[in-house]
Amino acid sequence: MLSVQGLQTEFLTPRGVIRAADGVDFDIQEGEVLGLVGESGCGKSVTALSIMYLIPTPPGRIASGAIWFRGINLLAGSENEATVHRGLGGKPKLVRNDSALRRHRARMAKVRGREVSMIFQEPMSSLNPVLSVGYQIAEVLIYQRRKMICDRLLARKAITDEDLELFKEAVTHPDAAQRERLLTDFCLQSALPVEKVAAIIDRSGLQMEERLARIRRLSERSRTRYAWFLRLARELDVLESEWMTREWRVLSGVASSEDDRRRLAAQAQFRSRQVLFKLVMSIPVLHRILMRPIEEEARRRVLEQLKNVRISEPHKVYNEYPHELSGGMQQRVMIAMALACDPALMIADEPTTSLDVTTQAQILTLVRDLRERIHSSILYITHDLAVIAELCDRVAVMYAGKIVEEAPVGDLFAHPLHPYTEGLLESIVSLDKEVSSDAPLPTIAGTVPDLLSPPSGCRFHPRCKYAFARCKTEEPRLLPQGDGRRVACFLYEEGGSRAAERSPGA
Amino acid sequence: MRTMGAHVEVRRGIRSASGRAELWRGLRRRLDEYSLTLRLLLKRPLAAAGLLITLLYVGIAIAASFLPDRDVLQTNFTTAYPQPPWWWGNGTPGSWFGTTYPGIDLGMAIFKAIRIDLYYSSIVVLGGAIVGMLVGLVAGYKGGLFDEGLMRSTDVAYSIPFLVFAIAVAYVISRDFTTLNLSLLILWWPPYARLVRSQVLAVKANMFVEAARAAGASDLRIMFRHILPNTLAPVFVQVSLDLGVVIQIFAALIFIGFVPHSGYLPELGALIFYGFGSEPTSYPWTILFPGLALVIFTVGVNLLGDGLRDVLDPRLRR
Amino acid sequence: MRLLLFIVRRLLLLIPTLIGVTLITFVLSRAVPVDQLVETYLNLRSPIPRVQQIATARALLHLDDPIPVQYVYYLGLLLRGDWGFTNTELYHGTVTSALVLFFPPTVELAVAATFLATFLGIPLGTVSAVRKDRLSDHVTRIVALTGYSMPLFWLALLLQIFAVRFVPSLPINGQVSPGILSGRAWLVETGVFESKPTHFLILDAALNGDGEIFWNALQHLILPTVALTYGFLGVILRMVRSGMVDAMGQEYVKTAWSKGLPESVVIRKHIRRNALLPVTTVVGLLFAGLLGGVVLVEDVFVWNGIGRWATVAIISHDLAAILGTTLIFALFLVLVNLVVDIIYAYLDPRITL
């Protein structure tokens with residue numbers, strides 16, 4: 001589903017060029033959880049940001065590579081966007097092609113949030129402090145799921161008896177949490193504004209009959225108005241998706257002439273409709289009124305999402321601000337945001353590193369449960385091997401900007417191939433292992449290499465117990481070892497001492 | 001940060017030879033920091049230009065004190081009308097910037113005016129900075145009631161617009177330069193106090209203050225030797241920016257007629273006023289040049305201040 | 001609800017500030033010789049004999065009581081609206097009535113300049129930050145630099161010269177052309193004009209349906225507003241730009257991009273909304289500078305507002321007028337600061353109350 005090929009991302013600093021990701025290759029299949037593990041500075045985050053096209057330019061630059069996602073290359077066209085020139089005094093300078101960058105970003109806007117999403121390390125600073133938490137989740141839906149929302153609103157019919165039964169249950173059910181859930185379900189089903197329904201339910205001293213009557217009146221008042229606007233918005237979304245998809249295909253080099261024709265047609269139609277849309281949206285009060293039903297529908301769905309990430313009392317939380325939530329809650333909100341549109345891939349960049357241990361456990365449990373229920377694949381980035389062991393199907397180990405080993409999780413832990421992986425596993429202190437009080441804790445000798453001038457040949461060789469002559473001069477390539485394993489080490493190539501250890505069928 | 005010699009200095013004192021060596025090393029370190037700042041500053045073209053302009057003006061101010069009083073040409077009635085400079089249309093030879101009513105050579109007058117303006121503005125700004133720093137230092141360090149009182153008084157000071165207050169004070173006391181400076185000074189220290197106070201609060205939390213106190217240093221010593229040097233950076237920036245602001249306020253007040261200047265006062269605001277009084281549409285140079293002198297100085301000082309701000313940002317050093 | 005509590009608390013904090021401000025004017029008033037002080041309550045054209053007036057004034061000021069008591073009576077006078085009597089050639093009457101007359105034109109200028117500077121400054125600052133280090137950014141920054149580096153009165157003079165030479169139809173003095181003022185029932189011209197019902201000339205012209213004066217007054221507003229705006233604009237531009245640049249480096253902006261939101265939405269809702277917060281905190285201070293600038297502009301353009309009245313007062317030695325203008329400026333500023341604080345608390349949910 002996702003295939004990263006030869007990704008090279010570099011950063012221009014006053015002291016020189018840093019190749020943070022140097023020829024990274026890996027694949028992610030549908031529905032699997034791939035762990036990306038490595039020390040700080042090895043390039044894991046940079047790889048993730050490159051997939052999302054979030055590398056800040058300047059000083060960064062995606063030098064080369066391809067990221068194939070569902071038949072299109074996400075990096076198509078990126079070679080010309082930022083180039084390195086010799087500046088004054090011989091120092092390398094980054095020259096941006098702003099229009100190309102802007103267009104690429106516009107193309108990515110239809111992929112990010114929708115198909116590929118990301119959650120970050122520090123949830124507190126990753127959330128906008130002046131917007132309510134609920135709105136920030138709703139935003140993704142409003143801008144990425146417009147067609148679905150408009151369809152739902154256009155299809156709204158009068159309230160049915162079935163709906164009313166649900167409503168009655170929502171009022172009378174003994175368990176408070178269940179009532180919350182029923183409220184959300186009812187609102188989703190009947191497409192009624194949540195706050196108003198909640199007000200009717202909470203109003204004390206009313207008979208059921210009276211409540212039902214109010215709900216019926218509310219339903220009457222909430223009939224879909226301005227259908228023309230909804231249809232316009234819907235059509236814009238469809239046209240834009242069509243246009244962008246075709247454009248991706250053309251740029252990725254997989255397009256037919258049919259594609260190109262359709263692209264231009266879609267683009268033209270989109271542009272003409274957009275003029276009208278922008279005109280309408282520029283009228284100050286009107287655009288608020290028009291967007292209101294869309295925002296309401298998004299809100300209903302957000303409440304559903306909040307339930308999915310195990311936030312109790314989603315109504316209260318919706319209106320709260322990031323600083324009013326605990327770290328664990330904030331991260332749940334981020335997860336809800338990332339999964340709102342049911343993306344094909346969710347990238348998690350060290351989501352639990354900044355949380356305390358108990359919260360970390362909660363979040364991990366949540367992610368594990370979500371795995372069962374959602375179809376998304378997950379790229380889980382961390383430096384904590386324990387988390388990898390619990391969560392992932394396969395693991396890729398990175399060192400100094402390159403992938404050095406890749407294997408199914410059980411195999412990796414049971415039988416690590418690359419010396420670096422060996423060292424990592426050895427240095428884990430666990431309750432099972434015997435550790436004498438005199439002997440020093442096992443570590444990997446040496447320090448992380450300076451990426452400005454990385455070691456020659458295999459980047460790990462200065463710290464490697466098994467290094468030999470070839471390691472200093474040549475760079476090992478990532479080669480398959482059978483059983484879905486790959487390793488980049490000369491030990492496993494011709495002439496290496498472990499070449500014989502290859503599994504059968506390699 | 002300049003923490004390294006803290007405990008050593010405290011114990012050894014100035015009397016011993018090793019203590020003096022320590023002091024000298026501290027000074028050398030400080031000088032190195034300043035020269036680094038200078039070098040970084042000069043690398044940026046705009047900031048370097050700002051520095052150049054500022055130095056130019058300082059040079060003019062100093063040189064102007066040696067200028068003869070040749071600027072009052074004659075009080076002959078016919079040449080009392082402003083004459084354009086020699087390169088302007090049909091100009092009079094001999095004057096570089098023209099003359100203004102009542103018969104003053106603009107070039108000389110501007111030079112002298114720069115001196116006066118710069119002199120008084122520096123007094124206000126530096127004075128305000130020093131007072132503000134002291135107050136902010138003590139308030140931030142001691143905290144408590146003193147701090148609260150400080151904050152309230154800065155609130156009050158922020159509520160009064162400079163111009164109006166200066167007018168009021170000077171009226172009440174007397175309309176001359178000293179009162180003008182005094183009233184500006186009274187309103188000028190609060191921003192510095194606030195600036196330094198917030199810096200002090202940030203620095204106070206650092207470990208080395210604890211270390212110094214544990215080594216037995218007195219409050220005074222801690223404040224001046226350890227905290228103060230680390231709060232200087234934003235003060236420098238603010239001082240250079242403020243020089244531009246004050247000089248403008250100064251000129252403005254003189255222009256309005258704050259200090260009586262009916263005769264001849266070599267001050268930029270006054271010069272503009274003379275031009276204003278004598279039909280500026282026919283003799284635009286009379287207001288153009290003094291004004292430009294002000295503008296260029298302010299631009300220079302702003303560029304310098306901005307450059308300093310960028311350069312002193314600890315993230316960008318080294 | 002929390003906003004209400006905040007407003008109440010903020011209003012309470014107002015009291016010490018007000019006391020401080022009135023204390024300052026009080027001290028100023030007592031720093032002059034007694035005769036001058038008494039003069040502030042004398043009406044030089046009144047038929048009442050001077051000796052009697054002096055006696056009344058002395059009693060009013062409680063000059064024989066200890067200073068703290070005097071201060072209390074002083075506050076009482078202020079609250080009663082008795083701020084003294086002004087005898088300048090520009091206006092002759094009680095200070096409070098003078099304020100009523102002179103305040104609106106100043107407000108007109110201040111408001112017009114603030115609006116213009118804000119509505120130009122915010123979008124331009126945004127563009128400057130988004131296109132950082134490109135040509136449009138540099139140009140904008142240079143324009144801003146000239147804006148706040150120029151002496152305001154000099155700019156005003158240059159504008160006048162420019163208008164006279166190149167756009168002769170643009171008025172350069174006063175609020176209206178003198179000729180057209182006669183014969184309006186709602187307008188009384190006694191040296192300084194007094195318009196009904198609001199004393200805001202332009203507003204009243206509109207309310208009274210007087211098109212001629214409306215357009216004329218509007219034209220007269222142009223040059224002084226431009227002069228005032230230019231300097232203000234420079235400062236706002238710089239602040240908005242730096243606020244935006246800071247905000248753009250924040251983590252949550254990355255999140256916003258990662259959601260695939262359109263560029264305009266990210267800039268407006270996520271970056272700018274946060275960037276404008278620090279700008280709001282400084283608006284109060286900026287407004288103080290604006291009030292100082294208003295004095296200069298009014299002087300050059302002969303605009304009969306409080307600034308002009310103050311400059312005339314200083315030349316004619318009218319203490320009552322000077323004290324009055326100082327106080328009213330200070331009060332105005334305190335009010336503006338209060339409003340700004342409340343707006344900020346409304347905008348930033350992180351403010352603890």
# chains A, B, ... in the order shown; residues from 1 in each chain; ligands from 1
call {"tool": "residues_around", "arguments": {"residues": "Ile378 of chain A", "least_positions_apart": "5", "cutoff": "7 Å", "atoms": "only C-alpha atoms", "output": "compact mmCIF listing (two decimals) with C-alpha atoms, in the first residue's frame"}}
result
# COMPACT_ATOMS: atom_id res chain seq x y z
CA GLU A 32 -0.29 -3.85 9.33
CA VAL A 33 1.58 -2.05 12.06
CA LEU A 34 5.16 -1.31 11.13
CA LEU A 345 -2.13 5.04 7.07
CA MET A 346 -1.65 6.67 10.44
CA ILE A 347 1.87 7.73 11.39
call {"tool": "select_by_dssp", "arguments": {"residues": "segment 34-201 of chain B", "states": "strand (DSSP E or B)", "output": "list in words"}}
result
Val72, Thr99, Thr100, Ile104 and Asp105 of chain B
call {"tool": "closest_atom_pairs", "arguments": {"of": "chain C", "to": "chain A", "cutoff": "12 Å", "atoms": "only C-alpha atoms", "output": "Markdown table"}}
result
| residue | atom | partner | partner_atom | distance |
| --- | --- | --- | --- | --- |
| C:Val130 | CA | A:Asp98 | CA | 11.4 |
| C:Arg131 | CA | A:Asp98 | CA | 9.5 |
| C:Lys132 | CA | A:Pro58 | CA | 11.4 |
| C:Asp133 | CA | A:Pro58 | CA | 11.5 |
| C:Arg134 | CA | A:Asp98 | CA | 10.2 |
| C:Ala247 | CA | A:Asn128 | CA | 10.5 |
| C:Met248 | CA | A:Pro56 | CA | 11.0 |
| C:Gly249 | CA | A:Pro56 | CA | 9.9 |
| C:Gln250 | CA | A:Ser125 | CA | 7.6 |
| C:Glu251 | CA | A:Ser126 | CA | 4.9 |
| C:Tyr252 | CA | A:Ser126 | CA | 4.1 |
| C:Val253 | CA | A:Ser126 | CA | 7.6 |
| C:Lys254 | CA | A:Leu54 | CA | 7.3 |
| C:Thr255 | CA | A:Ser126 | CA | 6.0 |
| C:Ala256 | CA | A:Asn128 | CA | 8.5 |
| C:Trp257 | CA | A:Leu54 | CA | 7.6 |
| C:Ser258 | CA | A:Arg112 | CA | 5.6 |
| C:Lys259 | CA | A:Gly113 | CA | 4.1 |
| C:Gly260 | CA | A:Ala109 | CA | 4.0 |
| C:Leu261 | CA | A:Ala109 | CA | 6.3 |
| C:Pro262 | CA | A:Ala109 | CA | 6.7 |
| C:Glu263 | CA | A:Ala106 | CA | 7.8 |
| C:Ser264 | CA | A:Ala106 | CA | 11.0 |
| C:Val265 | CA | A:Tyr143 | CA | 9.8 |
| C:Val266 | CA | A:Glu139 | CA | 10.8 |
| C:Lys269 | CA | A:Leu131 | CA | 8.8 |
| C:His270 | CA | A:Asn128 | CA | 6.8 |
| C:Ile271 | CA | A:Asn128 | CA | 9.1 |
| C:Arg272 | CA | A:Val130 | CA | 10.9 |
| C:Arg273 | CA | A:Val130 | CA | 7.7 |
| C:Asn274 | CA | A:Val130 | CA | 7.1 |
| C:Ala275 | CA | A:Val130 | CA | 10.8 |
| C:Leu276 | CA | A:Val130 | CA | 11.4 |
| C:Leu277 | CA | A:Val130 | CA | 9.9 |
| C:Tyr344 | CA | A:Val130 | CA | 11.5 |
| C:Ala345 | CA | A:Val130 | CA | 11.2 |
| C:Tyr346 | CA | A:Val130 | CA | 10.3 |
| C:Leu347 | CA | A:Val130 | CA | 7.5 |
| C:Asp348 | CA | A:Val130 | CA | 6.0 |
| C:Pro349 | CA | A:Val130 | CA | 6.0 |
| C:Arg350 | CA | A:His323 | CA | 7.1 |
| C:Ile351 | CA | A:His323 | CA | 10.5 |
| C:Thr352 | CA | A:His323 | CA | 11.1 |
call {"tool": "write_last_selection", "arguments": {"atoms": "C-alpha atoms", "output": "mmCIF file, in the first residue's frame"}}
result
data_model
loop_
_atom_site.group_PDB
_atom_site.id
_atom_site.type_symbol
_atom_site.label_atom_id
_atom_site.label_comp_id
_atom_site.auth_asym_id
_atom_site.auth_seq_id
_atom_site.Cartn_x
_atom_site.Cartn_y
_atom_site.Cartn_z
ATOM 1 C CA VAL C 130 4.045 34.439 4.747
ATOM 2 C CA ARG C 131 6.323 35.642 1.972
ATOM 3 C CA LYS C 132 9.210 36.079 4.335
ATOM 4 C CA ASP C 133 12.489 37.238 2.848
ATOM 5 C CA ARG C 134 11.030 37.700 -0.592
ATOM 6 C CA ALA C 247 3.457 31.616 15.428
ATOM 7 C CA MET C 248 4.472 29.926 12.210
ATOM 8 C CA GLY C 249 7.207 28.082 14.038
ATOM 9 C CA GLN C 250 4.831 26.489 16.494
ATOM 10 C CA GLU C 251 4.046 22.797 16.620
ATOM 11 C CA TYR C 252 0.323 23.124 16.171
ATOM 12 C CA VAL C 253 0.856 24.686 12.782
ATOM 13 C CA LYS C 254 2.470 21.435 11.722
ATOM 14 C CA THR C 255 -0.590 19.623 12.962
ATOM 15 C CA ALA C 256 -2.805 21.931 10.955
ATOM 16 C CA TRP C 257 -0.833 21.201 7.791
ATOM 17 C CA SER C 258 -0.917 17.504 8.548
ATOM 18 C CA LYS C 259 -4.686 17.644 8.497
ATOM 19 C CA GLY C 260 -4.605 18.758 4.913
ATOM 20 C CA LEU C 261 -6.333 22.061 5.570
ATOM 21 C CA PRO C 262 -6.226 24.644 2.791
ATOM 22 C CA GLU C 263 -3.440 27.186 3.070
ATOM 23 C CA SER C 264 -5.764 30.114 3.677
ATOM 24 C CA VAL C 265 -7.387 28.321 6.588
ATOM 25 C CA VAL C 266 -4.057 27.491 8.199
ATOM 26 C CA LYS C 269 -7.366 30.368 11.745
ATOM 27 C CA HIS C 270 -4.283 28.772 13.120
ATOM 28 C CA ILE C 271 -1.367 31.093 12.607
ATOM 29 C CA ARG C 272 -2.900 34.506 12.633
ATOM 30 C CA ARG C 273 -5.289 34.020 15.471
ATOM 31 C CA ASN C 274 -2.400 33.155 17.717
ATOM 32 C CA ALA C 275 -0.071 35.732 16.234
ATOM 33 C CA LEU C 276 -2.432 38.575 16.975
ATOM 34 C CA LEU C 277 -2.509 37.839 20.684
ATOM 35 C CA TYR C 344 -7.503 39.875 25.090
ATOM 36 C CA ALA C 345 -9.074 37.833 27.855
ATOM 37 C CA TYR C 346 -11.902 37.039 25.490
ATOM 38 C CA LEU C 347 -9.565 35.948 22.740
ATOM 39 C CA ASP C 348 -7.146 33.841 24.732
ATOM 40 C CA PRO C 349 -8.755 30.942 26.573
ATOM 41 C CA ARG C 350 -5.578 30.394 28.528
ATOM 42 C CA ILE C 351 -6.012 33.494 30.636
ATOM 43 C CA THR C 352 -6.740 32.457 34.179
#
call {"tool": "residues_around", "arguments": {"residues": "segment 239-243 of chain C", "least_positions_apart": "5", "cutoff": "7 Å", "atoms": "only C-alpha atoms", "output": "PDB file with C-alpha atoms, in the first residue's frame"}}
result
ATOM      1  CA  ILE C 122      -2.934  43.156   9.597  1.00  0.00           C
ATOM      2  CA  GLY C 125       1.796  42.076   7.977  1.00  0.00           C
ATOM      3  CA  THR C 126       0.380  38.640   7.239  1.00  0.00           C
ATOM      4  CA  SER C 128       4.916  39.992   4.724  1.00  0.00           C
ATOM      5  CA  ALA C 129       5.343  37.083   7.114  1.00  0.00           C
ATOM      6  CA  ALA C 275      -0.071  35.732  16.234  1.00  0.00           C
ATOM      7  CA  LEU C 276      -2.432  38.575  16.975  1.00  0.00           C
ATOM      8  CA  PRO C 278       0.801  39.492  21.511  1.00  0.00           C
ATOM      9  CA  VAL C 279      -0.138  42.338  19.203  1.00  0.00           C
TER      10      VAL C 279
END
call {"tool": "residues_around", "arguments": {"residues": "segment 162-171 of chain C", "least_positions_apart": "5", "cutoff": "9 Å", "atoms": "only C-alpha atoms", "output": "PyMOL selection string"}}
result
(chain B and resi 281) or (chain C and resi 157+176-177+216+219-223)
call {"tool": "write_last_selection", "arguments": {"atoms": "C-alpha atoms", "output": "tab-separated table (two decimals), in the first residue's frame"}}
result
chain	number	residue	atom	x	y	z
B	281	THR	CA	5.60	75.24	-0.02
C	157	LEU	CA	4.17	69.17	6.70
C	176	VAL	CA	-14.31	72.25	7.20
C	177	SER	CA	-13.92	75.05	4.72
C	216	ASN	CA	-16.42	68.68	2.82
C	219	GLN	CA	-12.24	65.63	2.59
C	220	HIS	CA	-10.67	67.60	5.38
C	221	LEU	CA	-10.24	64.40	7.30
C	222	ILE	CA	-8.09	62.78	4.65
C	223	LEU	CA	-4.69	64.40	5.07
call {"tool": "atom_distance", "arguments": {"atom1": "atom CA of Ser97 of chain C", "atom2": "atom CA of Leu18 of chain C"}}
result
21.8 Å
call {"tool": "residues_around", "arguments": {"residues": "Ala336 of chain A", "least_positions_apart": "5", "cutoff": "10 Å", "atoms": "only C-alpha atoms", "output": "compact mmCIF listing (two decimals) with C-alpha atoms, in the first residue's frame"}}
result
# COMPACT_ATOMS: atom_id res chain seq x y z
CA ILE A 119 0.20 12.28 15.45
CA GLY A 134 -13.64 19.42 19.44
CA ILE A 137 -11.14 17.42 15.19
CA ALA A 138 -14.21 18.66 13.35
CA VAL A 302 -16.62 14.09 16.25
CA LEU A 303 -18.58 13.02 19.31
CA GLU A 304 -18.66 9.55 17.85
CA GLN A 305 -14.89 9.70 17.35
CA LEU A 306 -14.34 10.86 20.90
CA LYS A 307 -16.27 7.85 22.07
CA ASN A 308 -14.01 5.63 20.03
CA VAL A 309 -10.94 6.91 21.78
CA ARG A 310 -12.53 6.23 25.12
CA ILE A 311 -13.16 9.76 26.19
CA GLN A 330 -4.74 15.42 24.64
CA GLN A 331 -3.09 12.50 22.94
CA CYS A 341 -11.40 10.29 8.15
CA ASP A 342 -10.51 6.62 8.33
call {"tool": "closest_residue", "arguments": {"among": "C:Thr96, C:Thr106, C:Thr198, C:Gln70", "to": "Phe332 of chain C", "atoms": "only C-alpha atoms"}}
result
C:Thr106
call {"tool": "interface_residues", "arguments": {"of": "chain C", "to": "chain B", "cutoff": "7 Å", "atoms": "only C-alpha atoms", "output": "MDAnalysis selection string"}}
result
chainID C and resid 17 20:21 28 31:32 145 149:151 154 161 285 288:289 291:292 311 314 322:323 326 330 333:334
call {"tool": "write_last_selection", "arguments": {"atoms": "C-alpha atoms", "output": "mmCIF file, in the first residue's frame"}}
result
data_model
loop_
_atom_site.group_PDB
_atom_site.id
_atom_site.type_symbol
_atom_site.label_atom_id
_atom_site.label_comp_id
_atom_site.auth_asym_id
_atom_site.auth_seq_id
_atom_site.Cartn_x
_atom_site.Cartn_y
_atom_site.Cartn_z
ATOM 1 C CA THR C 17 -4.564 53.300 38.526
ATOM 2 C CA GLY C 20 -2.382 57.273 40.615
ATOM 3 C CA VAL C 21 -3.321 59.311 37.594
ATOM 4 C CA LEU C 28 1.102 69.129 39.262
ATOM 5 C CA ALA C 31 3.300 72.590 42.305
ATOM 6 C CA VAL C 32 2.520 76.028 40.952
ATOM 7 C CA LEU C 145 10.523 51.368 8.738
ATOM 8 C CA SER C 149 11.143 56.494 11.766
ATOM 9 C CA MET C 150 9.579 59.669 10.536
ATOM 10 C CA PRO C 151 8.716 62.560 12.782
ATOM 11 C CA TRP C 154 7.388 66.519 9.522
ATOM 12 C CA ILE C 161 3.386 70.681 0.673
ATOM 13 C CA LEU C 285 0.815 51.172 24.437
ATOM 14 C CA ALA C 288 -0.627 56.112 23.891
ATOM 15 C CA GLY C 289 1.777 56.903 21.107
ATOM 16 C CA LEU C 291 -2.514 60.188 21.323
ATOM 17 C CA GLY C 292 0.872 61.850 21.431
ATOM 18 C CA THR C 311 -0.649 73.455 22.310
ATOM 19 C CA ILE C 314 0.876 76.020 26.623
ATOM 20 C CA ILE C 322 -3.213 71.930 30.467
ATOM 21 C CA LEU C 323 -4.296 70.006 33.511
ATOM 22 C CA THR C 326 -3.506 65.787 30.683
ATOM 23 C CA ALA C 330 -4.836 59.791 30.742
ATOM 24 C CA LEU C 333 -5.840 55.831 27.701
ATOM 25 C CA VAL C 334 -6.884 53.989 30.840
#
call {"tool": "closest_residue", "arguments": {"among": "B:Ile104, B:Ala47, B:Leu187, B:Met151", "to": "Asp310 of chain B", "atoms": "only C-alpha atoms"}}
result
B:Ala47
call {"tool": "closest_residue", "arguments": {"among": "B:Gly307, B:Pro84, B:Gly149, B:Gly143", "to": "Gln238 of chain B", "atoms": "only C-alpha atoms"}}
result
B:Gly307
